[in-house]
Amino acid sequence: MLLRDAAHLALRALTAHRLRSALTLLGISVGIAAVILLTSIGEGVHQFVLKEFSQFGTNVMEVTPGKQGARGGPPGLPGTSRELTLDDALALSRIPGVVAVTPIVWGNSELESNGRLRRTTVYGATVGMLRVFAMEVRVGSFLPEDDTAHPRALVVLGAKLKQELFGGANALGERVRIGGEHFRVVGIMEPKGQFLGTDLDDTAYIPTARAMALYNRSGLISINLSYQENTPAPAISRAIQRLLVTRHGREDFTVTTQEDMLKTLSKILNILTAAVGALGGISLLVGGVGIVTIMLINISERRNEIGLLVALGATPADIHLLFLSEALVLGGLGGLGGLLLGGVLVGFLVVTVGGIPVSLRWEYVVGAEVLSGLLGVLSGAYPAYRGSRLAVVEALRLE
């Protein structure tokens, strides 16, 4: 039997039972659409998170206390290891190729000024934070280069925080009380938006030493630095390790590059995308069960046709090809319907729900269509085998 004839007979058999075939196609289409929609959302989240990290540049490193993988917990948690200090940050700024360093301490406090009170995040930083995190000041200036150990009580407000405390009035020179101490406002930041759920515009920035005293900390949470773009990251990382090992006597810290952060995030988000795609695959599996069911019903209803074809000279291989073609057509048409439905759903989300990151990748689209075809073949393999093994005498006797 020619493949063209098998396809023609398969289409005729499917159109003979339109409702049954339509329901089976719908099951496959919903499964494919679910895979496309969920993987698009997963990929959108992936791209969104990577973009959030990349907005601070790619030549950034972070040094945290505690050796990663050592007993005692992850980096940054208090332990027996030596804490990072302001002197460590000052020493790191002298490494060739390093262009900016900012020691970081942060916490949550109430800010009071102009008769208004607001609880928000307070970062302890230095002037190097502007260059490290690619931030800009809209009005005034950022924290000046004061004495690192005894800086003045100055504060820079995020754009949203300034609006909440002072409204449309001028905030420069005004006093803000933080934790019982008064700070003078010297600058207002340009809007930066949110970073992984943290509103950077609803943030206050004070000198690091002042933040350490405010939150009763003897060490830093981290030291962030940026380096020249033409300088290899591994060279800077090795120089940091050598310097801090010399100062601490052992490697009780962790150096994380921006590339390391992005690789870790990519691995996690790829697993997330695969997981949500697998959830959509459950719907696709249900569609495959539908193909098996309809093919078995077809074989039981068409035994006389099978017997007649065998009597006319059709071989078991021809019968096998006939029913396998029907299953393949069901899978292929269901896949095309799923692509259309998935595209419509993705477009609907983009238009109506702008806050959901959605990114359609053609690899998943092509993979979903190939998967639907394979599902049709695999689901029809056993029914086709049963049909090809049907005895001609038994089939004709049913007639």
# chains A, B, ... in the order shown; residues from 1 in each chain; ligands from 1
call {"tool": "residues_around", "arguments": {"residues": "segment 367-370 of chain A", "least_positions_apart": "2", "cutoff": "12 Å", "atoms": "only C-alpha atoms", "output": "PyMOL selection string"}}
result
chain A and resi 28-39+277-278+280-281+284+328+331-340+342+361-365+372-377
call {"tool": "residues_around", "arguments": {"residues": "Pro151 of chain A", "least_positions_apart": "3", "cutoff": "8 Å", "atoms": "only C-alpha atoms", "output": "compact mmCIF listing (two decimals) with N, CA and C atoms, in the first residue's frame"}}
result
# COMPACT_ATOMS: atom_id res chain seq x y z
N ASP A 146 33.74 60.84 52.73
CA ASP A 146 34.09 61.24 54.10
C ASP A 146 35.09 60.27 54.71
N ASP A 147 35.46 60.54 55.93
CA ASP A 147 36.25 59.60 56.72
C ASP A 147 35.45 58.31 56.83
N THR A 148 36.04 57.20 56.38
CA THR A 148 35.30 55.94 56.31
C THR A 148 34.79 55.51 57.68
N PRO A 207 25.83 56.45 55.10
CA PRO A 207 27.20 55.90 55.13
C PRO A 207 27.26 54.54 55.82
N ALA A 209 29.45 53.09 57.81
CA ALA A 209 29.78 53.07 59.24
C ALA A 209 28.58 53.45 60.08
N ARG A 210 27.78 54.40 59.60
CA ARG A 210 26.57 54.79 60.32
C ARG A 210 25.55 53.63 60.35
call {"tool": "residues_around", "arguments": {"residues": "Ala149 of chain A", "least_positions_apart": "3", "cutoff": "12 Å", "atoms": "only C-alpha atoms", "output": "list in words"}}
result
Thr85, Leu86, Asp87, Ala89, Leu90, Pro103, Thr126, Glu145, Asp146, Arg152, Pro207, Thr208, Ala209, Arg210, Ala211, Met212 and Ala213 of chain A
call {"tool": "write_last_selection", "arguments": {"atoms": "C-alpha atoms", "output": "mmCIF file, in the first residue's frame"}}
result
data_model
loop_
_atom_site.group_PDB
_atom_site.id
_atom_site.type_symbol
_atom_site.label_atom_id
_atom_site.label_comp_id
_atom_site.auth_asym_id
_atom_site.auth_seq_id
_atom_site.Cartn_x
_atom_site.Cartn_y
_atom_site.Cartn_z
ATOM 1 C CA THR A 85 35.557 45.058 57.532
ATOM 2 C CA LEU A 86 35.752 48.576 56.160
ATOM 3 C CA ASP A 87 39.538 48.158 56.035
ATOM 4 C CA ALA A 89 36.980 47.204 51.443
ATOM 5 C CA LEU A 90 39.629 49.926 51.426
ATOM 6 C CA PRO A 103 30.921 48.047 51.507
ATOM 7 C CA THR A 126 29.718 54.664 50.039
ATOM 8 C CA GLU A 145 34.013 60.675 50.342
ATOM 9 C CA ASP A 146 34.092 61.237 54.096
ATOM 10 C CA ARG A 152 28.827 62.596 58.615
ATOM 11 C CA PRO A 207 27.198 55.901 55.128
ATOM 12 C CA THR A 208 28.230 52.316 55.839
ATOM 13 C CA ALA A 209 29.781 53.069 59.239
ATOM 14 C CA ARG A 210 26.567 54.786 60.320
ATOM 15 C CA ALA A 211 24.530 51.753 59.192
ATOM 16 C CA MET A 212 26.827 49.395 61.128
ATOM 17 C CA ALA A 213 26.210 51.420 64.285
#
call {"tool": "select_by_dssp", "arguments": {"residues": "segment 220-379 of chain A", "states": "alpha helix (DSSP H)", "output": "number ranges by chain"}}
result
A: 233-248, 258-301, 303-311, 316-352, 362-379
call {"tool": "closest_residue", "arguments": {"among": "A:Val122, A:Leu321, A:Leu165, A:Ile188", "to": "Thr203 of chain A", "atoms": "only C-alpha atoms"}}
result
A:Val122
call {"tool": "atom_distance", "arguments": {"atom1": "atom CA of Glu174 of chain A", "atom2": "atom CA of Leu161 of chain A"}}
result
13.7 Å
call {"tool": "residues_around", "arguments": {"residues": "segment 218-227 of chain A", "least_positions_apart": "6", "cutoff": "6 Å", "atoms": "only C-alpha atoms", "output": "number ranges by chain"}}
result
A: 59-64, 83-85, 97-105, 132
call {"tool": "closest_residue", "arguments": {"among": "A:Gly124, A:Gly347, A:Gly288, A:Gly249", "to": "Leu330 of chain A", "atoms": "only C-alpha atoms"}}
result
A:Gly288
call {"tool": "closest_residue", "arguments": {"among": "A:Tyr123, A:Phe48, A:Tyr215, A:Tyr205", "to": "Ser141 of chain A", "atoms": "only C-alpha atoms"}}
result
A:Tyr205
call {"tool": "atom_distance", "arguments": {"atom1": "atom CA of Thr254 of chain A", "atom2": "atom CA of Gly158 of chain A"}}
result
29.7 Å
call {"tool": "closest_residue", "arguments": {"among": "A:Ala169, A:Met189, A:Leu322, A:Ala275", "to": "Gly140 of chain A", "atoms": "only C-alpha atoms"}}
result
A:Met189
